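**Q** Below you'll find the structure I mean.
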Amino acid sequence: MAKVDLSTELCGVRLQNPTVLASGILGTSKGMLKAVALTGAGAVTIKSLSLEPLPGHNNPIVIGFEAGMLNAVGYANPGIKEGVKEFSNLKEVGVPVIASIIGRDVGDFMKVLEGLRGLDFAAVEVSLSCPHTPGYGMLAGQNTPEATKEIVSVVRKGTGLPLLVKLSPNIPEIGRVARAAEEAGADGITAVNTLGPGMLINIEARQPILDFKVGGVSGPALRPIALRCVYDIYKTVKIPILGVGGISTGRHAIEMLMAGAYAVGIGTAVYSRGIEVFGKVCQEMEEWMEANECTSVKELIGSAHAP
Amino acid sequence: MAKVDLSTELCGVRLQNPTVLASGILGTSKGMLKAVALTGAGAVTIKSLSLEPLPGHNNPIVIGFEAGMLNAVGYANPGIKEGVKEFSNLKEVGVPVIASIIGRDVGDFMKVLEGLRGLDFAAVEVSLSCPHTPGYGMLAGQNTPEATKEIVSVVRKGTGLPLLVKLSPNIPEIGRVARAAEEAGADGITAVNTLGPGMLINIEARQPILDFKVGGVSGPALRPIALRCVYDIYKTVKIPILGVGGISTGRHAIEMLMAGAYAVGIGTAVYSRGIEVFGKVCQEMEEWMEANECTSVKELIGSAHAP
Amino acid sequence: MHLEPVMMKIEEVILESNRARSFIFKKSLEYQPGQFIMLWIPRLDEKPFSISYHGKDFFGVTVALKGRFTQRLHGMKVGEWVGIRGPFGRAFNLGACPEPQGCRACVVGGGVGMASLAVLIEKLENSVVVQGARTTSELLYCNRFKDMLLCTEDGSAGTKGVPTDLLEDLYRHYKFDAIYTCGPEAMMVKVSEFAREYNIYMQASLERYIKCAVGVCGQCCCNGLRLCVEGPVLEGGTLEKLEDFGRYARLGNGCKVPIGTYLGKKT
Amino acid sequence: MHLEPVMMKIEEVILESNRARSFIFKKSLEYQPGQFIMLWIPRLDEKPFSISYHGKDFFGVTVALKGRFTQRLHGMKVGEWVGIRGPFGRAFNLGACPEPQGCRACVVGGGVGMASLAVLIEKLENSVVVQGARTTSELLYCNRFKDMLLCTEDGSAGTKGVPTDLLEDLYRHYKFDAIYTCGPEAMMVKVSEFAREYNIYMQASLERYIKCAVGVCGQCCCNGLRLCVEGPVLEGGTLEKLEDFGRYARLGNGCKVPIGTYLGKKT
Ligand SMILES: Cc1cc2nc3c(=O)[nH]c(=O)nc-3n(C[C@H](O)[C@H](O)[C@H](O)COP(=O)(O)OP(=O)(O)OC[C@H]3O[C@@H](n4cnc5c(N)ncnc54)[C@H](O)[C@@H]3O)c2cc1C
Ligand SMILES: Cc1cc2nc3c(=O)[nH]c(=O)nc-3n(C[C@H](O)[C@H](O)[C@H](O)COP(=O)(O)OP(=O)(O)OC[C@H]3O[C@@H](n4cnc5c(N)ncnc54)[C@H](O)[C@@H]3O)c2cc1C
Ligand SMILES: Cc1cc2nc3c(=O)[nH]c(=O)nc-3n(C[C@H](O)[C@H](O)[C@H](O)COP(=O)(O)O)c2cc1C
Ligand SMILES: Cc1cc2nc3c(=O)[nH]c(=O)nc-3n(C[C@H](O)[C@H](O)[C@H](O)COP(=O)(O)O)c2cc1C
Ligand code: FES
Ligand code: FES
């Protein structure tokens, strides 16, 4: 497999391969980050941290269905104070670690960034796009071009690390939101967060299954939407894109790169293919690239944008 | 199966059972409508008609993927003049036939409605929500609350038939759009049209597969989103809802009724389960209702809205 | 079956006639004679074609020059790539006639309709084949099917006239149990009338405008039937009741027009 | 396995002790001893419980009174419905000890930890069982496992003290090849130390806060392990290296706290 080079770069961060653990999947502890890195991920993202601890929603918070998964975790997290303890000495993880952060307002974001100072994160990901947590993301209107510009332009000053802004797929004109982030100083775009929200009902109980009733859609159902979002964003902005949504195979990852992503996030596939999904996807990419005389990831990025 | 009564009513139109052929699937000719009615549909909707003939997009216009289907038919249709010939003597179809119509502006809609006069349609469905046809629906901004109100209030005057307004799932605040339609005089809401748009790329060709590049997502991927939309709309408006999106089994249909639908549209499942899907879904509904001591559809409608 | 187009390399191009070329792909494909595939040229269009060559590890299509798409295809060379989706549709019913073993069948092809019949002919142990064309230069597979009977409208090869003129004599001579046909719809109408008169089992492969090929868009419908699912091969009994047969077809925008207009019309 | 909650009717309620009740469901369920299910009370919450009764066409859970959820559950009567998702997680390894057949195992249970061991005990041909509880009224399954050894902290039944006090004597007497344990983590730590010292194969079923139960949310993680997937049953060898074992656990919001705090804390 030596002939193929899977390494890539995302906002100046060098990755051994393009697979990245998406935020909120297993990223609750350094121990889990290590475990995921060992299975072959090129980088890992922590579960989003807020200023104060958040209990999250009651169970069920996750429910699988025939086309993917619904989740309403509700940003359960121990808050920045605990987070700082948890994520010390990140060098141990062995791959770049991205800090995902959330806030109700710029004040929150700035305080969280302050907390992160001195830790070994490789980049910061500002999530403005959760569809199921009151006071945050979509439910706080943070996913409009205007709000995005306002938040990012301030947050930008709060960190010297590469700054990724994570967008929602629920905005048809996502390109405009991406441009707003770029103009406000973002170094990259993470596209996308979960879709919807959606709902599933247990007909015997005559109740929505998720305790919060609705949750964000991820997995296969999200894949074509995420691809279109990345394709549109690639046309609108110059900064690199971390493509996330429904990726579970090497073919999916290559498709996302061709749409314009520099690296690919993987979340729900941890459920469908196990925690080893990162290594599997990398091997499948290598096999396809060899069979198709493609030697580097660079050749793939954006290659579906016909001249 | 005698004990169970599957009949329902939608804006004053009586249906033998709640399954309705969704617009754009097979509804191109009276012959196909008959064929679908024979397989057990409670009502059928014609492929949307516009004022002038539309060629639609080049092939591929439809592509299946692991979680559903992408389509960019582009409203190919022979226009109202041909349509009038095609859809004469609709009594032959044997079940109520709903006329789906589209337009670039209210003028279009009014002329199309004029053309329909004297034909035996049971209701009119105004589609303001196609995500992949320039000049129509989403791509003409018809899916905002404001545009919806403006169009519906005029169109309302153009027909004496029950008027359904078909909405897009791409608007998180879909409840507001539904209310706008209700206030403008709509008799019912059809929720939802396809999602997205989305994209799929053939990585060997390095090209989007659909010739139009993007298309609307339907089938399983859409199901939880459609359920949430219907659930929200049911909370916001009093007029009945035709719930459409990802339904392929009796359980799915019952789930949609519990979310608040009075009847359920079926489209993509014609592909996954065959044209006989309508009869199959009805039988599965009957079996469940018998097993759960539920004797009428009325008992199911909106029953997931806990007091 | 491929639900998404699979890119395949053109391994060989065969000049079949002055209007038709075959394109061979070295891939195995599950296929029954009578089915069709969708051939995709990215950023141009995707169109239906029958499979005219089929073996364990290869298959091919024979394409007649019509308009924009077939012109581009005819311009393609060995080594270039196209997408293949399918195969789709209902195949010819081989076990149809009374005693399948000794069953003798008659195959009637007209023009490029021969393409849909070629693999069928190879599968039938025992058949008599008639091909009709306008003139010699448009005849197909003459070397492939040595004892095929020919007729040309200008008499430049074989009998002067159309294949249906021969049916009566052929039947008296061969007493075949089944007729399979594909070609100009007018010809297929004649064949079906003949089969009905002599009460012979008959199947014809029809042509209508195909888009989705998976039975959802309704474009290909012929009265209540979807040509891409319930067809393209239909039985004589079905054709009898099919009002559109020999009369109407739909253009790409769904307009129902006389079959002649349809075939002529550039879309 | 049920990935979505399946509503099931409570067919029987058994009062096991003054703090614990069992709820029986007449449904068959694929299950291995040590696995757990998620029990859903719509519009309240969904929590993990071990299966403590299991037969061809029924299963049951034994629930100790803790807080909001278990209180509501204890209030439920025969005929009421709850949702069941699962079973999930890694089971006890029965074929683990040297000679499976004649293998003698020791099962050490504390408090409601007995619930996770009950079906295991029924499956082991040949085992010695010790249960510990604070006092007689909290002992479980005394009639179900007649020759189970008992100890209570207040001496009101069986030996006065905790099960681990007996291990040494038991081992001298029975020379068992494996130890399975579930109960207060402090007790399981002692058991694992004992097993290590005497080099006996050992497995313990741990408790951590479970949410998704399918290995995505990361809530249940214990250092690098997901208790809901790689656990809840872990081997002695794994436990040795598990820094959190006996020390730390995470609350529902992910805060890492001393195990004592975790067990006490209402969430
Ligand atoms: C089931 C089936 C099998 C076929 N098999 C063969 C074959 O083996 N060899 C062959 O040469 N041709 C075959 N055809 C016809 C072939 O699809 C058309 O000739 C081709 O699409 C012409 O495209 P064009 O752009 O070159 O011509 P255009 O200028 O686009 O059209 C010329 C004529 O071709 C027909 N046509 C155009 N588009 C379509 C379409 N999407 N579906 C059906 N007909 C269309 C119409 O009659 C039209 O009038 C088959 C058609 C069907 C339905
Ligand atoms: C794999 C596993 C198997 C279990 N099997 C059983 C059993 O067979 N019988 C039984 O009585 N109990 C069992 N438990 C513990 C049971 O889940 C808790 O006692 C129950 O959730 C308490 O909920 P509550 O609202 O009544 O109490 P709360 O007031 O919410 O909490 C009381 C204590 O219960 C624990 N707890 C609360 N929520 C959870 C949760 N979601 N996941 C794990 N622990 C939690 C915490 O230690 C908490 O301090 C098991 C736990 C796990 C992880
Ligand atoms: C259980 C779960 C929890 C998630 N939590 C977060 C989160 O805390 N922050 C965030 O930005 N995205 C979160 N996401 C979204 C994922 O990071 C990802 O954007 C989305 O799931 C699409 O990728 P996938 O289809 O590969 O899962 C979560 C997703 C899931 C399924
Ligand atoms: C091939 C195809 C064509 C469609 N054409 C139309 C249309 O012309 N007008 C319309 O209002 N909706 C159209 N739709 C949307 C469907 O009516 C339906 O709202 C959507 O597909 C969701 O339902 P489903 O998941 O059951 O397919 C089309 C959908 C498909 C798949
Ligand atoms: S081509 Fe779409 S239904 Fe046949
Ligand atoms: S409970 Fe979610 S990962 Fe274990």
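In the structure tokens, the first chain shown is A, the next is B, and so on; residue numbers restart at 1 for each chain, and ligands run from 1 in the order shown.
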Taking only C-alpha atoms into account, what are the residues of chain C at most 6 Å from chain B, put as JSON, numbers by chain?

**A** {"C": [45, 46, 212, 216, 217, 218, 223, 224, 253, 254, 255]}

**Q** Within 6 Å of chain A, which residues of chain B show up? Give each one with its shortest atom-to-atom distance in Å (one decimal) and the two atoms involved, counting only C-alpha atoms, rows by chain then rising residue number, as JSON lines.

**A**
```
{"residue": "B:Ala67", "atom": "CA", "partner": "A:Ala67", "partner_atom": "CA", "distance": 4.8}
{"residue": "B:Gly196", "atom": "CA", "partner": "A:Ile225", "partner_atom": "CA", "distance": 5.9}
{"residue": "B:Gly198", "atom": "CA", "partner": "A:Ile225", "partner_atom": "CA", "distance": 4.2}
{"residue": "B:Met199", "atom": "CA", "partner": "A:Pro224", "partner_atom": "CA", "distance": 4.7}
{"residue": "B:Leu200", "atom": "CA", "partner": "A:Pro224", "partner_atom": "CA", "distance": 5.7}
{"residue": "B:Ile203", "atom": "CA", "partner": "A:Glu255", "partner_atom": "CA", "distance": 5.8}
{"residue": "B:Arg206", "atom": "CA", "partner": "A:Ala304", "partner_atom": "CA", "distance": 4.7}
{"residue": "B:Gln207", "atom": "CA", "partner": "A:Ala304", "partner_atom": "CA", "distance": 5.1}
{"residue": "B:Pro220", "atom": "CA", "partner": "A:Ala67", "partner_atom": "CA", "distance": 5.7}
{"residue": "B:Ala221", "atom": "CA", "partner": "A:Ala221", "partner_atom": "CA", "distance": 4.2}
{"residue": "B:Pro224", "atom": "CA", "partner": "A:Gly198", "partner_atom": "CA", "distance": 4.5}
{"residue": "B:Ile225", "atom": "CA", "partner": "A:Gly198", "partner_atom": "CA", "distance": 4.2}
{"residue": "B:Leu227", "atom": "CA", "partner": "A:Met199", "partner_atom": "CA", "distance": 5.8}
{"residue": "B:Arg228", "atom": "CA", "partner": "A:Met199", "partner_atom": "CA", "distance": 4.9}
{"residue": "B:Glu255", "atom": "CA", "partner": "A:Ile203", "partner_atom": "CA", "distance": 5.8}
{"residue": "B:Ala304", "atom": "CA", "partner": "A:Arg206", "partner_atom": "CA", "distance": 4.7}
```

**Q** Taking only C-alpha atoms and all ligand atoms into account, which residues have an atom no farther than 8 Å from ligand 5? I'd like them as a list in words.

**A**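 Listing the residues within 8 Å of ligand 5 gives Leu26 of chain B; Tyr209, Ile210, Lys211, Cys212, Ala213, Val214, Gly215, Val216, Cys217, Gly218, Gln219, Cys220, Cys221, Arg226, Leu227, Cys228 and Val229 of chain C.
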
**Q** Could you take the residues named above and write them with all heavy atoms, as a compact mmCIF listing (two decimals), in the first residue's frame?

**A**
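Listed below is the output, again.txt:
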```txt
# COMPACT_ATOMS: atom_id res chain seq x y z
N LEU B 26 -45.65 8.20 -11.03
CA LEU B 26 -46.59 7.50 -11.92
C LEU B 26 -47.82 8.30 -12.31
O LEU B 26 -48.64 7.83 -13.09
CB LEU B 26 -47.06 6.20 -11.25
CG LEU B 26 -45.97 5.19 -10.90
CD1 LEU B 26 -46.59 3.96 -10.29
CD2 LEU B 26 -45.16 4.85 -12.12
N TYR C 209 -40.32 6.34 -24.44
CA TYR C 209 -39.32 7.21 -23.85
C TYR C 209 -39.08 6.82 -22.39
O TYR C 209 -40.00 6.81 -21.59
CB TYR C 209 -39.76 8.67 -23.94
CG TYR C 209 -38.62 9.64 -23.85
CD1 TYR C 209 -38.13 10.27 -24.98
CD2 TYR C 209 -38.03 9.93 -22.63
CE1 TYR C 209 -37.08 11.17 -24.91
CE2 TYR C 209 -36.98 10.83 -22.55
CZ TYR C 209 -36.50 11.44 -23.69
OH TYR C 209 -35.46 12.33 -23.61
N ILE C 210 -37.84 6.46 -22.08
CA ILE C 210 -37.48 6.00 -20.74
C ILE C 210 -36.70 7.09 -20.00
O ILE C 210 -35.81 7.72 -20.58
CB ILE C 210 -36.58 4.75 -20.82
CG1 ILE C 210 -37.26 3.63 -21.60
CG2 ILE C 210 -36.15 4.30 -19.43
CD1 ILE C 210 -38.24 2.81 -20.81
N LYS C 211 -37.05 7.30 -18.75
CA LYS C 211 -36.24 8.20 -17.92
C LYS C 211 -35.69 7.47 -16.70
O LYS C 211 -34.56 7.00 -16.72
CB LYS C 211 -37.05 9.43 -17.52
CG LYS C 211 -37.14 10.47 -18.63
CD LYS C 211 -37.86 11.73 -18.17
CE LYS C 211 -37.85 12.80 -19.27
NZ LYS C 211 -38.65 13.99 -18.85
N CYS C 212 -36.52 7.26 -15.67
CA CYS C 212 -35.97 6.68 -14.43
C CYS C 212 -35.57 5.22 -14.59
O CYS C 212 -34.64 4.76 -13.95
CB CYS C 212 -36.95 6.85 -13.28
SG CYS C 212 -38.37 5.74 -13.37
N ALA C 213 -36.32 4.50 -15.42
CA ALA C 213 -36.07 3.06 -15.64
C ALA C 213 -36.39 2.19 -14.43
O ALA C 213 -36.20 0.99 -14.48
CB ALA C 213 -34.64 2.81 -16.12
N VAL C 214 -36.84 2.78 -13.36
CA VAL C 214 -37.16 1.99 -12.17
C VAL C 214 -38.63 2.11 -11.74
O VAL C 214 -38.99 1.79 -10.61
CB VAL C 214 -36.24 2.35 -10.98
CG1 VAL C 214 -34.81 1.95 -11.27
CG2 VAL C 214 -36.33 3.84 -10.66
N GLY C 215 -39.46 2.60 -12.64
CA GLY C 215 -40.89 2.53 -12.37
C GLY C 215 -41.48 3.60 -11.48
O GLY C 215 -42.55 3.39 -10.91
N VAL C 216 -40.82 4.73 -11.33
CA VAL C 216 -41.43 5.77 -10.49
C VAL C 216 -41.86 7.03 -11.25
O VAL C 216 -42.85 7.66 -10.88
CB VAL C 216 -40.49 6.19 -9.32
CG1 VAL C 216 -40.17 5.02 -8.43
CG2 VAL C 216 -39.24 6.87 -9.82
N CYS C 217 -41.18 7.37 -12.33
CA CYS C 217 -41.46 8.69 -12.94
C CYS C 217 -42.69 8.69 -13.84
O CYS C 217 -43.26 9.73 -14.12
CB CYS C 217 -40.24 9.21 -13.69
SG CYS C 217 -39.98 8.41 -15.29
N GLY C 218 -43.09 7.52 -14.30
CA GLY C 218 -44.30 7.45 -15.12
C GLY C 218 -44.11 7.85 -16.57
O GLY C 218 -45.04 7.81 -17.37
N GLN C 219 -42.89 8.24 -16.93
CA GLN C 219 -42.61 8.72 -18.29
C GLN C 219 -42.91 7.65 -19.35
O GLN C 219 -43.45 7.95 -20.40
CB GLN C 219 -41.14 9.14 -18.36
CG GLN C 219 -40.63 9.38 -19.75
CD GLN C 219 -41.31 10.57 -20.39
OE1 GLN C 219 -41.40 11.64 -19.79
NE2 GLN C 219 -41.82 10.40 -21.61
N CYS C 220 -42.57 6.41 -19.06
CA CYS C 220 -42.62 5.36 -20.08
C CYS C 220 -43.99 4.70 -20.19
O CYS C 220 -44.13 3.70 -20.89
CB CYS C 220 -41.60 4.28 -19.74
SG CYS C 220 -42.06 3.39 -18.24
N CYS C 221 -44.98 5.25 -19.45
CA CYS C 221 -46.22 4.49 -19.36
C CYS C 221 -46.94 4.41 -20.70
O CYS C 221 -46.94 5.32 -21.51
CB CYS C 221 -47.14 5.07 -18.31
SG CYS C 221 -47.72 6.69 -18.72
N ARG C 226 -46.08 0.27 -17.15
CA ARG C 226 -44.78 0.94 -17.18
C ARG C 226 -43.86 0.10 -18.04
O ARG C 226 -43.49 -1.01 -17.66
CB ARG C 226 -44.20 1.06 -15.77
CG ARG C 226 -45.01 1.92 -14.84
CD ARG C 226 -44.56 1.73 -13.41
NE ARG C 226 -44.79 0.35 -12.94
CZ ARG C 226 -44.43 -0.08 -11.74
NH1 ARG C 226 -43.76 0.71 -10.91
NH2 ARG C 226 -44.69 -1.31 -11.37
N LEU C 227 -43.46 0.63 -19.20
CA LEU C 227 -42.60 -0.13 -20.12
C LEU C 227 -41.30 -0.56 -19.44
O LEU C 227 -40.73 -1.59 -19.77
CB LEU C 227 -42.30 0.70 -21.36
CG LEU C 227 -43.00 0.29 -22.64
CD1 LEU C 227 -42.34 -0.95 -23.22
CD2 LEU C 227 -44.48 -0.03 -22.35
N CYS C 228 -40.83 0.25 -18.47
CA CYS C 228 -39.53 -0.06 -17.86
C CYS C 228 -39.62 -1.16 -16.82
O CYS C 228 -38.61 -1.71 -16.40
CB CYS C 228 -38.90 1.18 -17.25
SG CYS C 228 -39.80 1.81 -15.82
N VAL C 229 -40.85 -1.49 -16.38
CA VAL C 229 -41.02 -2.53 -15.36
C VAL C 229 -41.86 -3.68 -15.90
O VAL C 229 -41.40 -4.81 -15.99
CB VAL C 229 -41.68 -1.96 -14.09
CG1 VAL C 229 -41.97 -3.07 -13.08
CG2 VAL C 229 -40.79 -0.89 -13.45
```

**Q** Identify which of the residues A:Gly135, A:Gly74, A:Gly141, A:Gly118 lies closest to ligand 3, counting only C-alpha atoms and all ligand atoms when measuring atom-to-atom distances.

**A** A:Gly74

**Q** Residues near segment 112-114 of chain D, anyone? I mean within 12 Å using only C-alpha atoms, not counting same-chain ones fewer than 6 positions away, as a PyMOL selection string.

**A** chain D and resi 16-22+33-34+49-53+61-66+120-121+129-134+138-142+144-145+148+150+180-185+187-188+204-207

**Q** Give me the residues within 6 Å of Met38 of chain D as number ranges by chain, counting only C-alpha atoms and dropping any in the same chain fewer than 5 places off.

**A** D: 47-48, 84-85

**Q** I need the residues from that last selection saved to file as a short mmCIF file (atom, residue, chain, number, x, y, z; two decimals), in the first residue's frame (with N, CA, C and O atoms), if you can.

**A**
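Ended up saving to result-v8.cif:
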```cif
data_model
loop_
_atom_site.label_atom_id
_atom_site.label_comp_id
_atom_site.auth_asym_id
_atom_site.auth_seq_id
_atom_site.Cartn_x
_atom_site.Cartn_y
_atom_site.Cartn_z
N LYS D 47 -33.53 3.64 31.53
CA LYS D 47 -32.39 3.29 32.38
C LYS D 47 -31.98 1.83 32.16
O LYS D 47 -32.79 1.00 31.77
N PRO D 48 -30.70 1.52 32.46
CA PRO D 48 -30.19 0.16 32.24
C PRO D 48 -30.48 -0.78 33.41
O PRO D 48 -30.38 -0.38 34.55
N ILE D 84 -38.73 -1.84 26.10
CA ILE D 84 -37.48 -2.58 26.31
C ILE D 84 -36.60 -2.46 25.06
O ILE D 84 -37.05 -2.71 23.94
N ARG D 85 -35.37 -2.02 25.26
CA ARG D 85 -34.39 -1.92 24.17
C ARG D 85 -33.21 -2.80 24.54
O ARG D 85 -32.81 -2.83 25.69
#
```

**Q** Can you pull out the residues contacting Asp57 of chain C? Cut-off 8 Å, using only C-alpha atoms, and skip same-chain residues under 5 positions away; I want them as a VMD selection string.

**A** chain C and resid 26 to 29

**Q** Which residues come within 10 Å of Val4 of chain B, counting only C-alpha atoms, excluding same-chain residues fewer than 2 positions away, as an MDAnalysis selection string?

**A** chainID B and resid 1:2 6:7 285:290 293:297

**Q** How would the residues just chosen look if you wrote them out with all heavy atoms as a compact mmCIF listing (two decimals), in the first residue's frame?

**A**
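File written: selection_6.txt
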```
# COMPACT_ATOMS: atom_id res chain seq x y z
N MET B 1 -61.19 -9.16 8.59
CA MET B 1 -60.67 -7.81 8.81
C MET B 1 -61.82 -6.80 8.92
O MET B 1 -61.62 -5.61 8.98
CB MET B 1 -59.77 -7.39 7.63
CG MET B 1 -58.54 -8.28 7.47
SD MET B 1 -57.19 -7.61 8.43
CE MET B 1 -56.07 -8.99 8.41
N ALA B 2 -63.04 -7.31 8.93
CA ALA B 2 -64.20 -6.42 8.85
C ALA B 2 -64.22 -5.41 10.00
O ALA B 2 -64.62 -4.28 9.83
CB ALA B 2 -65.48 -7.26 8.87
N LEU B 6 -60.84 1.51 7.83
CA LEU B 6 -59.68 2.28 7.38
C LEU B 6 -60.06 3.61 6.75
O LEU B 6 -59.20 4.41 6.39
CB LEU B 6 -58.85 1.47 6.37
CG LEU B 6 -57.90 0.40 6.93
CD1 LEU B 6 -57.06 -0.19 5.80
CD2 LEU B 6 -57.00 0.97 8.01
N SER B 7 -61.34 3.86 6.58
CA SER B 7 -61.73 5.07 5.85
C SER B 7 -61.36 6.33 6.63
O SER B 7 -61.24 6.32 7.86
CB SER B 7 -63.23 5.05 5.58
OG SER B 7 -63.93 5.27 6.78
N MET B 285 -51.71 -2.05 8.18
CA MET B 285 -52.43 -1.17 9.11
C MET B 285 -53.56 -1.95 9.78
O MET B 285 -53.70 -1.91 11.01
CB MET B 285 -53.01 0.03 8.38
CG MET B 285 -52.00 1.06 7.95
SD MET B 285 -52.81 2.49 7.18
CE MET B 285 -53.60 3.21 8.62
N GLU B 286 -54.33 -2.66 8.98
CA GLU B 286 -55.46 -3.43 9.53
C GLU B 286 -54.98 -4.41 10.58
O GLU B 286 -55.53 -4.49 11.68
CB GLU B 286 -56.18 -4.18 8.42
CG GLU B 286 -57.15 -3.33 7.63
CD GLU B 286 -57.88 -4.14 6.56
OE1 GLU B 286 -57.35 -5.19 6.14
OE2 GLU B 286 -58.97 -3.72 6.17
N GLU B 287 -53.90 -5.13 10.25
CA GLU B 287 -53.39 -6.14 11.18
C GLU B 287 -53.00 -5.49 12.51
O GLU B 287 -53.37 -5.97 13.58
CB GLU B 287 -52.21 -6.90 10.56
CG GLU B 287 -52.67 -7.94 9.53
CD GLU B 287 -51.56 -8.37 8.59
OE1 GLU B 287 -50.38 -8.03 8.85
OE2 GLU B 287 -51.86 -9.05 7.60
N TRP B 288 -52.28 -4.37 12.42
CA TRP B 288 -51.85 -3.71 13.65
C TRP B 288 -53.06 -3.20 14.45
O TRP B 288 -53.14 -3.38 15.67
CB TRP B 288 -50.91 -2.53 13.34
CG TRP B 288 -50.33 -1.92 14.59
CD1 TRP B 288 -49.15 -2.26 15.20
CD2 TRP B 288 -50.89 -0.85 15.38
NE1 TRP B 288 -48.96 -1.49 16.31
CE2 TRP B 288 -50.00 -0.62 16.46
CE3 TRP B 288 -52.05 -0.09 15.28
CZ2 TRP B 288 -50.25 0.35 17.42
CZ3 TRP B 288 -52.30 0.87 16.25
CH2 TRP B 288 -51.41 1.09 17.31
N MET B 289 -54.00 -2.61 13.73
CA MET B 289 -55.16 -2.03 14.43
C MET B 289 -55.96 -3.13 15.13
O MET B 289 -56.37 -2.96 16.27
CB MET B 289 -56.02 -1.25 13.44
CG MET B 289 -55.35 0.06 13.01
SD MET B 289 -56.16 0.87 11.61
CE MET B 289 -57.66 1.50 12.38
N GLU B 290 -56.12 -4.27 14.46
CA GLU B 290 -56.83 -5.37 15.11
C GLU B 290 -56.09 -5.81 16.36
O GLU B 290 -56.66 -5.93 17.44
CB GLU B 290 -56.96 -6.56 14.15
CG GLU B 290 -57.95 -6.30 13.04
CD GLU B 290 -58.40 -7.61 12.40
OE1 GLU B 290 -57.68 -8.61 12.53
OE2 GLU B 290 -59.48 -7.59 11.78
N GLU B 293 -56.53 -3.36 19.23
CA GLU B 293 -57.89 -2.93 19.53
C GLU B 293 -58.17 -1.50 19.15
O GLU B 293 -58.63 -0.69 19.95
CB GLU B 293 -58.19 -3.13 21.04
CG GLU B 293 -58.44 -4.58 21.40
CD GLU B 293 -57.59 -5.01 22.58
OE1 GLU B 293 -57.02 -4.12 23.24
OE2 GLU B 293 -57.45 -6.22 22.79
N CYS B 294 -57.84 -1.19 17.92
CA CYS B 294 -58.13 0.14 17.39
C CYS B 294 -59.03 -0.07 16.18
O CYS B 294 -58.68 -0.80 15.26
CB CYS B 294 -56.82 0.80 17.01
SG CYS B 294 -57.02 2.33 16.13
N THR B 295 -60.20 0.52 16.19
CA THR B 295 -61.18 0.16 15.15
C THR B 295 -61.29 1.20 14.04
O THR B 295 -61.82 0.92 12.98
CB THR B 295 -62.59 -0.02 15.76
OG1 THR B 295 -62.93 1.21 16.44
CG2 THR B 295 -62.59 -1.17 16.76
N SER B 296 -60.79 2.43 14.28
CA SER B 296 -60.93 3.44 13.23
C SER B 296 -59.70 4.33 13.13
O SER B 296 -58.97 4.53 14.11
CB SER B 296 -62.15 4.32 13.52
OG SER B 296 -61.79 5.30 14.47
N VAL B 297 -59.49 4.85 11.94
CA VAL B 297 -58.36 5.74 11.69
C VAL B 297 -58.46 6.99 12.57
O VAL B 297 -57.46 7.51 13.05
CB VAL B 297 -58.30 6.12 10.19
CG1 VAL B 297 -57.34 7.28 9.96
CG2 VAL B 297 -57.90 4.91 9.36
```

**Q** Could you pull out all residues of segment 181-296 of chain B with a DSSP call of strand (DSSP E or B) and give them as a list in words?

**A**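 Here is the list: Gly188, Ile189, Thr190, Ala191, Leu195, Gly196, Pro197, Gly198, Met199, Ile201, Asn202, Gln207, Pro208, Val214, Gly215, Gly216, Val217, Ser218, Ile241, Leu242, Gly243, Val244, Ala263, Val264, Gly265, Ile266 and Ser296 of chain B.
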